[in-house]
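One file, model_10.cif, carrying mmCIF, N, CA, C and O atoms:
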data_my_file
loop_
_atom_site.label_atom_id
_atom_site.label_comp_id
_atom_site.auth_asym_id
_atom_site.auth_seq_id
_atom_site.Cartn_x
_atom_site.Cartn_y
_atom_site.Cartn_z
N MET A 1 166.92 115.44 115.27
CA MET A 1 165.60 115.05 114.84
C MET A 1 164.59 116.15 115.07
O MET A 1 163.49 116.06 114.60
N GLU A 2 164.99 117.16 115.82
CA GLU A 2 164.08 118.27 116.07
C GLU A 2 164.09 119.28 114.95
O GLU A 2 163.17 120.06 114.80
N SER A 3 165.16 119.28 114.15
CA SER A 3 165.31 120.27 113.10
C SER A 3 165.34 119.59 111.73
O SER A 3 165.77 118.44 111.61
N ASP A 4 164.93 120.33 110.73
CA ASP A 4 165.02 119.85 109.35
C ASP A 4 166.04 120.69 108.58
O ASP A 4 166.05 120.71 107.36
N ASP A 5 166.92 121.37 109.31
CA ASP A 5 167.93 122.24 108.71
C ASP A 5 169.24 121.46 108.57
O ASP A 5 169.77 120.94 109.55
N VAL A 6 169.75 121.39 107.36
CA VAL A 6 170.99 120.65 107.10
C VAL A 6 172.17 121.21 107.90
O VAL A 6 173.11 120.49 108.21
N ALA A 7 172.10 122.46 108.28
CA ALA A 7 173.17 123.07 109.08
C ALA A 7 173.20 122.52 110.50
O ALA A 7 174.20 122.69 111.21
N ASP A 8 172.16 121.83 110.92
CA ASP A 8 172.07 121.29 112.27
C ASP A 8 172.56 119.84 112.38
O ASP A 8 172.34 119.19 113.40
N THR A 9 173.21 119.35 111.35
CA THR A 9 173.69 117.97 111.38
C THR A 9 175.16 117.92 111.02
O THR A 9 175.77 118.94 110.66
N LEU A 10 175.75 116.76 111.13
CA LEU A 10 177.13 116.56 110.74
C LEU A 10 177.22 116.42 109.23
O LEU A 10 176.28 115.95 108.59
N ASN A 11 178.36 116.78 108.68
CA ASN A 11 178.62 116.57 107.27
C ASN A 11 179.10 115.13 107.11
O ASN A 11 180.22 114.80 107.50
N TYR A 12 178.25 114.27 106.56
CA TYR A 12 178.57 112.85 106.49
C TYR A 12 179.75 112.55 105.58
O TYR A 12 180.50 111.60 105.82
N ALA A 13 179.96 113.34 104.54
CA ALA A 13 181.12 113.15 103.66
C ALA A 13 182.40 113.45 104.43
O ALA A 13 183.38 112.69 104.34
N GLU A 14 182.41 114.52 105.22
CA GLU A 14 183.57 114.84 106.04
C GLU A 14 183.80 113.77 107.10
O GLU A 14 184.94 113.39 107.37
N LEU A 15 182.72 113.31 107.70
CA LEU A 15 182.81 112.27 108.72
C LEU A 15 183.40 110.99 108.13
O LEU A 15 184.28 110.35 108.73
N CYS A 16 182.97 110.63 106.95
CA CYS A 16 183.49 109.44 106.26
C CYS A 16 184.98 109.61 105.99
O CYS A 16 185.77 108.68 106.22
N ASN A 17 185.40 110.77 105.53
CA ASN A 17 186.82 111.02 105.27
C ASN A 17 187.64 110.96 106.55
O ASN A 17 188.78 110.47 106.55
N LEU A 18 187.09 111.46 107.63
CA LEU A 18 187.78 111.41 108.92
C LEU A 18 188.02 109.96 109.34
O LEU A 18 189.12 109.59 109.75
N VAL A 19 187.00 109.12 109.20
CA VAL A 19 187.13 107.71 109.56
C VAL A 19 188.13 107.01 108.64
O VAL A 19 188.99 106.25 109.09
N LYS A 20 188.06 107.29 107.34
CA LYS A 20 189.01 106.71 106.39
C LYS A 20 190.45 107.08 106.77
O LYS A 20 191.35 106.24 106.71
N HIS A 21 190.66 108.33 107.14
CA HIS A 21 191.99 108.80 107.53
C HIS A 21 192.50 108.01 108.73
O HIS A 21 193.64 107.53 108.74
N GLU A 22 191.68 107.85 109.76
CA GLU A 22 192.09 107.13 110.96
C GLU A 22 192.30 105.64 110.67
O GLU A 22 193.21 105.02 111.22
N MET A 23 191.48 105.07 109.81
CA MET A 23 191.63 103.65 109.47
C MET A 23 192.90 103.40 108.66
O MET A 23 193.43 102.28 108.66
N ALA A 24 193.42 104.41 107.97
CA ALA A 24 194.63 104.26 107.16
C ALA A 24 195.90 104.26 108.01
O ALA A 24 196.96 103.87 107.52
N VAL A 25 195.80 104.69 109.25
CA VAL A 25 196.96 104.72 110.14
C VAL A 25 197.20 103.31 110.69
O VAL A 25 196.30 102.74 111.31
N PRO A 26 198.39 102.73 110.46
CA PRO A 26 198.65 101.38 110.97
C PRO A 26 198.52 101.33 112.50
O PRO A 26 199.03 102.19 113.20
N SER A 27 197.79 100.32 112.98
CA SER A 27 197.57 100.15 114.42
C SER A 27 197.50 98.67 114.74
O SER A 27 197.07 97.87 113.91
N ASN A 28 197.88 98.32 115.96
CA ASN A 28 197.82 96.93 116.39
C ASN A 28 196.47 96.58 117.02
O ASN A 28 196.05 95.43 116.97
N LEU A 29 195.80 97.56 117.61
CA LEU A 29 194.58 97.28 118.36
C LEU A 29 193.38 98.04 117.80
O LEU A 29 193.46 99.25 117.55
N LEU A 30 192.26 97.34 117.66
CA LEU A 30 191.01 97.99 117.25
C LEU A 30 190.60 99.05 118.27
O LEU A 30 190.07 100.09 117.91
N GLU A 31 190.84 98.77 119.55
CA GLU A 31 190.48 99.72 120.59
C GLU A 31 191.19 101.05 120.40
O GLU A 31 190.61 102.11 120.61
N HIS A 32 192.45 100.99 119.98
CA HIS A 32 193.22 102.21 119.75
C HIS A 32 192.64 103.00 118.57
O HIS A 32 192.47 104.22 118.65
N VAL A 33 192.33 102.29 117.49
CA VAL A 33 191.74 102.96 116.31
C VAL A 33 190.39 103.57 116.68
O VAL A 33 190.10 104.72 116.33
N ALA A 34 189.56 102.83 117.41
CA ALA A 34 188.25 103.35 117.80
C ALA A 34 188.40 104.60 118.66
O ALA A 34 187.67 105.58 118.46
N GLY A 35 189.34 104.60 119.58
CA GLY A 35 189.59 105.79 120.40
C GLY A 35 190.01 106.98 119.57
O GLY A 35 189.56 108.11 119.80
N ARG A 36 190.89 106.75 118.60
CA ARG A 36 191.32 107.86 117.72
C ARG A 36 190.16 108.41 116.91
O ARG A 36 190.03 109.62 116.74
N ILE A 37 189.31 107.51 116.41
CA ILE A 37 188.15 107.96 115.62
C ILE A 37 187.25 108.84 116.47
O ILE A 37 186.84 109.93 116.05
N VAL A 38 186.93 108.39 117.68
CA VAL A 38 186.04 109.15 118.56
C VAL A 38 186.66 110.51 118.92
O VAL A 38 185.99 111.54 118.87
N ARG A 39 187.95 110.52 119.26
CA ARG A 39 188.60 111.80 119.60
C ARG A 39 188.58 112.74 118.41
O ARG A 39 188.36 113.94 118.57
N SER A 40 188.81 112.22 117.21
CA SER A 40 188.79 113.06 116.01
C SER A 40 187.39 113.63 115.74
O SER A 40 187.26 114.79 115.36
N ILE A 41 186.37 112.81 115.94
CA ILE A 41 185.00 113.29 115.73
C ILE A 41 184.67 114.40 116.72
O ILE A 41 184.16 115.46 116.34
N PHE A 42 184.99 114.19 118.01
CA PHE A 42 184.71 115.23 119.00
C PHE A 42 185.52 116.50 118.71
O PHE A 42 185.04 117.60 118.94
N ALA A 43 186.75 116.36 118.19
CA ALA A 43 187.57 117.53 117.86
C ALA A 43 186.98 118.30 116.68
O ALA A 43 186.94 119.54 116.69
N CYS A 44 186.51 117.58 115.68
CA CYS A 44 185.94 118.24 114.48
C CYS A 44 184.50 118.70 114.68
O CYS A 44 184.07 119.66 114.04
N TYR A 45 183.78 118.01 115.54
CA TYR A 45 182.37 118.32 115.78
C TYR A 45 182.13 118.46 117.28
O TYR A 45 181.53 117.59 117.91
N PRO A 46 182.60 119.55 117.89
CA PRO A 46 182.45 119.72 119.34
C PRO A 46 180.99 119.77 119.79
O PRO A 46 180.71 119.56 120.97
N GLN A 47 180.07 120.01 118.87
CA GLN A 47 178.65 120.04 119.23
C GLN A 47 178.07 118.63 119.37
O GLN A 47 176.96 118.47 119.88
N ALA A 48 178.82 117.60 118.95
CA ALA A 48 178.34 116.23 119.08
C ALA A 48 178.23 115.89 120.57
O ALA A 48 179.20 116.02 121.31
N GLU A 49 177.07 115.46 120.99
CA GLU A 49 176.83 115.17 122.41
C GLU A 49 177.31 113.80 122.81
O GLU A 49 177.77 113.61 123.94
N ALA A 50 177.20 112.82 121.92
CA ALA A 50 177.61 111.45 122.23
C ALA A 50 177.91 110.72 120.94
O ALA A 50 177.42 111.10 119.87
N ILE A 51 178.70 109.67 121.07
CA ILE A 51 179.04 108.85 119.91
C ILE A 51 178.90 107.38 120.30
O ILE A 51 179.40 106.96 121.33
N ASP A 52 178.20 106.63 119.46
CA ASP A 52 178.16 105.18 119.54
C ASP A 52 178.95 104.67 118.34
O ASP A 52 178.57 104.95 117.20
N LEU A 53 180.03 103.96 118.58
CA LEU A 53 180.89 103.49 117.51
C LEU A 53 181.06 101.99 117.63
O LEU A 53 181.38 101.48 118.70
N THR A 54 180.83 101.29 116.54
CA THR A 54 181.12 99.86 116.45
C THR A 54 182.14 99.67 115.36
O THR A 54 181.97 100.15 114.24
N LEU A 55 183.25 99.00 115.70
CA LEU A 55 184.33 98.77 114.76
C LEU A 55 184.63 97.28 114.74
O LEU A 55 184.92 96.69 115.78
N THR A 56 184.52 96.67 113.56
CA THR A 56 184.69 95.22 113.43
C THR A 56 185.75 94.90 112.41
O THR A 56 185.76 95.46 111.31
N LYS A 57 186.66 94.00 112.78
CA LYS A 57 187.66 93.50 111.85
C LYS A 57 187.13 92.18 111.30
O LYS A 57 186.89 91.22 112.05
N GLU A 58 186.93 92.15 109.98
CA GLU A 58 186.41 90.94 109.35
C GLU A 58 187.53 89.91 109.24
O GLU A 58 188.67 90.25 108.95
N ASN A 59 187.18 88.66 109.47
CA ASN A 59 188.12 87.55 109.37
C ASN A 59 189.40 87.80 110.16
O ASN A 59 190.49 87.80 109.60
N PRO A 60 189.30 88.02 111.47
CA PRO A 60 190.50 88.32 112.27
C PRO A 60 191.42 87.10 112.37
O PRO A 60 190.96 85.97 112.40
N PRO A 61 192.73 87.35 112.42
CA PRO A 61 193.69 86.23 112.48
C PRO A 61 193.84 85.69 113.90
O PRO A 61 194.88 85.86 114.54
N MET A 62 192.81 85.05 114.41
CA MET A 62 192.88 84.56 115.78
C MET A 62 192.60 83.07 115.89
O MET A 62 192.40 82.54 116.97
N GLY A 63 192.60 82.38 114.77
CA GLY A 63 192.44 80.94 114.80
C GLY A 63 191.05 80.44 115.12
O GLY A 63 190.86 79.29 115.44
N ALA A 64 190.08 81.30 115.08
CA ALA A 64 188.69 80.91 115.35
C ALA A 64 187.87 81.02 114.08
O ALA A 64 188.18 81.83 113.20
N ASN A 65 186.83 80.23 113.99
CA ASN A 65 185.94 80.29 112.85
C ASN A 65 184.85 81.31 113.16
O ASN A 65 183.80 80.98 113.71
N CYS A 66 185.13 82.59 112.85
CA CYS A 66 184.15 83.64 113.12
C CYS A 66 184.17 84.65 111.99
O CYS A 66 185.13 84.74 111.23
N SER A 67 183.12 85.38 111.87
CA SER A 67 183.03 86.36 110.79
C SER A 67 183.71 87.68 111.15
O SER A 67 183.95 88.50 110.28
N GLY A 68 184.00 87.89 112.42
CA GLY A 68 184.67 89.13 112.79
C GLY A 68 184.82 89.27 114.29
O GLY A 68 184.20 88.55 115.06
N ALA A 69 185.68 90.19 114.66
CA ALA A 69 185.88 90.55 116.07
C ALA A 69 185.87 92.06 116.14
O ALA A 69 186.35 92.74 115.24
N GLY A 70 185.32 92.60 117.21
CA GLY A 70 185.23 94.05 117.23
C GLY A 70 185.07 94.63 118.61
O GLY A 70 185.08 93.93 119.62
N VAL A 71 184.95 95.95 118.61
CA VAL A 71 184.74 96.72 119.83
C VAL A 71 183.55 97.64 119.62
O VAL A 71 183.25 98.04 118.50
N GLU A 72 182.90 97.98 120.71
CA GLU A 72 181.82 98.97 120.69
C GLU A 72 182.12 100.00 121.76
O GLU A 72 182.49 99.65 122.88
N LEU A 73 181.98 101.26 121.39
CA LEU A 73 182.18 102.36 122.33
C LEU A 73 180.93 103.22 122.38
O LEU A 73 180.29 103.45 121.36
N HIS A 74 180.61 103.68 123.57
CA HIS A 74 179.58 104.70 123.75
C HIS A 74 180.22 105.76 124.63
O HIS A 74 180.50 105.51 125.79
N LEU A 75 180.49 106.91 124.03
CA LEU A 75 181.15 107.99 124.78
C LEU A 75 180.29 109.25 124.74
O LEU A 75 179.68 109.58 123.71
N ILE A 76 180.27 109.94 125.84
CA ILE A 76 179.53 111.19 125.97
C ILE A 76 180.52 112.33 126.00
O ILE A 76 181.52 112.28 126.71
N ASN A 77 180.24 113.36 125.22
CA ASN A 77 181.09 114.54 125.18
C ASN A 77 180.73 115.42 126.37
O ASN A 77 179.74 116.12 126.36
N ASP A 78 181.55 115.37 127.41
CA ASP A 78 181.23 116.13 128.62
C ASP A 78 181.30 117.64 128.41
O ASP A 78 180.82 118.40 129.22
N LYS A 79 181.87 118.07 127.29
CA LYS A 79 181.92 119.51 127.01
C LYS A 79 180.58 120.05 126.53
O LYS A 79 180.37 121.25 126.49
N THR A 80 179.66 119.15 126.15
CA THR A 80 178.34 119.60 125.72
C THR A 80 177.32 119.50 126.84
O THR A 80 176.19 119.96 126.68
N GLN A 81 177.68 118.88 127.95
CA GLN A 81 176.74 118.73 129.06
C GLN A 81 176.70 120.00 129.89
O GLN A 81 177.71 120.63 130.15
N ARG A 82 175.53 120.38 130.30
CA ARG A 82 175.36 121.62 131.08
C ARG A 82 175.10 121.30 132.51
O ARG A 82 174.57 120.41 132.96
#
Show me, as structure tokens, the structure contained in the file I just sent.
Amino acid sequence: MESDDVADTLNYAELCNLVKHEMAVPSNLLEHVAGRIVRSIFACYPQAEAIDLTLTKENPPMGANCSGAGVELHLINDKTQR
């Protein structure tokens, strides 16, 4: 937010493709997928200081009347901390 230079931000198209790639990998747990997404983002964008990720499975097969179940992660990239 301090800069108006496009070079100072993430490439959202690349970020979207990264998430699509991780979502295409069969997994049993949302937590596992969320962890892979975060690790991939930090690997591709080491300058990212922190990530807040919310991942929701719509209409989960758990026998409850709910619109979704999900996980939320807030991770700090300790490699960017001084």
**Message:** Among chain A, which residues does DSSP mark as helix (DSSP H, G or I) when it is run on the backbone? Keep the chain and numbering as in the structure and answer as a PyMOL selection string.
**Reply:** chain A and resi 6-8+12-23+30-44
**Request:** Decode the PyMOL selection byres ((chain A and resi 51-60) around 5) for the given file into explicit residues and return them as a list in words.
**Result:**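 When the PyMOL selection byres ((chain A and resi 51-60) around 5) is applied, the selected residues are Glu49, Ala50, Pro61, Met62, Gly63, Cys66, Ser67, Gly68, Ala69, Gly70, Val71, Glu72, Leu73, His74 and Leu75 of chain A.
Near range 9-11 of chain A, within a cut-off of 10 Å and counting only C-alpha atoms, sit the residues Met1, Ser3, Asp4, Asp5, Val6, Glu14, Leu15, Cys16, Ile41, Cys44, Tyr45, Gln47 and Ala48 of chain A, with same-chain residues fewer than 3 positions away left out.
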Selected residues written out with N, CA, C and O atoms, as a PDB file, in the frame of the given file:
ATOM      1  N   MET A   1     166.920 115.440 115.270  1.00  0.00           N
ATOM      2  CA  MET A   1     165.600 115.050 114.840  1.00  0.00           C
ATOM      3  C   MET A   1     164.590 116.150 115.070  1.00  0.00           C
ATOM      4  O   MET A   1     163.490 116.060 114.600  1.00  0.00           O
ATOM      5  N   SER A   3     165.160 119.280 114.150  1.00  0.00           N
ATOM      6  CA  SER A   3     165.310 120.270 113.100  1.00  0.00           C
ATOM      7  C   SER A   3     165.340 119.590 111.730  1.00  0.00           C
ATOM      8  O   SER A   3     165.770 118.440 111.610  1.00  0.00           O
ATOM      9  N   ASP A   4     164.930 120.330 110.730  1.00  0.00           N
ATOM     10  CA  ASP A   4     165.020 119.850 109.350  1.00  0.00           C
ATOM     11  C   ASP A   4     166.040 120.690 108.580  1.00  0.00           C
ATOM     12  O   ASP A   4     166.050 120.710 107.360  1.00  0.00           O
ATOM     13  N   ASP A   5     166.920 121.370 109.310  1.00  0.00           N
ATOM     14  CA  ASP A   5     167.930 122.240 108.710  1.00  0.00           C
ATOM     15  C   ASP A   5     169.240 121.460 108.570  1.00  0.00           C
ATOM     16  O   ASP A   5     169.770 120.940 109.550  1.00  0.00           O
ATOM     17  N   VAL A   6     169.750 121.390 107.360  1.00  0.00           N
ATOM     18  CA  VAL A   6     170.990 120.650 107.100  1.00  0.00           C
ATOM     19  C   VAL A   6     172.170 121.210 107.900  1.00  0.00           C
ATOM     20  O   VAL A   6     173.110 120.490 108.210  1.00  0.00           O
ATOM     21  N   GLU A  14     182.410 114.520 105.220  1.00  0.00           N
ATOM     22  CA  GLU A  14     183.570 114.840 106.040  1.00  0.00           C
ATOM     23  C   GLU A  14     183.800 113.770 107.100  1.00  0.00           C
ATOM     24  O   GLU A  14     184.940 113.390 107.370  1.00  0.00           O
ATOM     25  N   LEU A  15     182.720 113.310 107.700  1.00  0.00           N
ATOM     26  CA  LEU A  15     182.810 112.270 108.720  1.00  0.00           C
ATOM     27  C   LEU A  15     183.400 110.990 108.130  1.00  0.00           C
ATOM     28  O   LEU A  15     184.280 110.350 108.730  1.00  0.00           O
ATOM     29  N   CYS A  16     182.970 110.630 106.950  1.00  0.00           N
ATOM     30  CA  CYS A  16     183.490 109.440 106.260  1.00  0.00           C
ATOM     31  C   CYS A  16     184.980 109.610 105.990  1.00  0.00           C
ATOM     32  O   CYS A  16     185.770 108.680 106.220  1.00  0.00           O
ATOM     33  N   ILE A  41     186.370 112.810 115.940  1.00  0.00           N
ATOM     34  CA  ILE A  41     185.000 113.290 115.730  1.00  0.00           C
ATOM     35  C   ILE A  41     184.670 114.400 116.720  1.00  0.00           C
ATOM     36  O   ILE A  41     184.160 115.460 116.340  1.00  0.00           O
ATOM     37  N   CYS A  44     186.510 117.580 115.680  1.00  0.00           N
ATOM     38  CA  CYS A  44     185.940 118.240 114.480  1.00  0.00           C
ATOM     39  C   CYS A  44     184.500 118.700 114.680  1.00  0.00           C
ATOM     40  O   CYS A  44     184.070 119.660 114.040  1.00  0.00           O
ATOM     41  N   TYR A  45     183.780 118.010 115.540  1.00  0.00           N
ATOM     42  CA  TYR A  45     182.370 118.320 115.780  1.00  0.00           C
ATOM     43  C   TYR A  45     182.130 118.460 117.280  1.00  0.00           C
ATOM     44  O   TYR A  45     181.530 117.590 117.910  1.00  0.00           O
ATOM     45  N   GLN A  47     180.070 120.010 118.870  1.00  0.00           N
ATOM     46  CA  GLN A  47     178.650 120.040 119.230  1.00  0.00           C
ATOM     47  C   GLN A  47     178.070 118.630 119.370  1.00  0.00           C
ATOM     48  O   GLN A  47     176.960 118.470 119.880  1.00  0.00           O
ATOM     49  N   ALA A  48     178.820 117.600 118.950  1.00  0.00           N
ATOM     50  CA  ALA A  48     178.340 116.230 119.080  1.00  0.00           C
ATOM     51  C   ALA A  48     178.230 115.890 120.570  1.00  0.00           C
ATOM     52  O   ALA A  48     179.200 116.020 121.310  1.00  0.00           O
TER      53      ALA A  48
END
**Request:** Mind giving me the straight-line distance from atom N of Arg39 in chain A to CA of Ala13 in chain A in Å, one decimal?
**Result:**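 For atom N of Arg39 in chain A relative to CA of Ala13 in chain A, the distance reads 17.2 Å.
Between atom N of Ser27 in chain A and atom C of Ala43 in chain A lies a distance of 21.3 Å.
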**Message:** If you run DSSP on the backbone here, which positions in range 17-79 of chain A get strand (DSSP E or B)? Please write them as a ChimeraX atom specification.
**Reply:** /A:50-58,68-76
**Item:** Distance criterion (all atoms listed in the file): nearest to Pro46 in chain A out of A:Ala24, A:Ala64, A:Leu30, A:Thr80
**Value:**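 Among A:Ala24, A:Ala64, A:Leu30, A:Thr80, it is A:Thr80 that comes nearest to Pro46 in chain A.
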**Request:** Using only C-alpha atoms, find the one residue out of A:Asn65, A:Asn77, A:Lys20, A:Tyr12 that sits nearest to Val33 in chain A.
**Result:** A:Lys20
**Prompt:** Suppose you want the space between atom N of Ile37 in chain A and CA of Glu22 in chain A; what is it in Å?
**Reply:** 6.1 Å
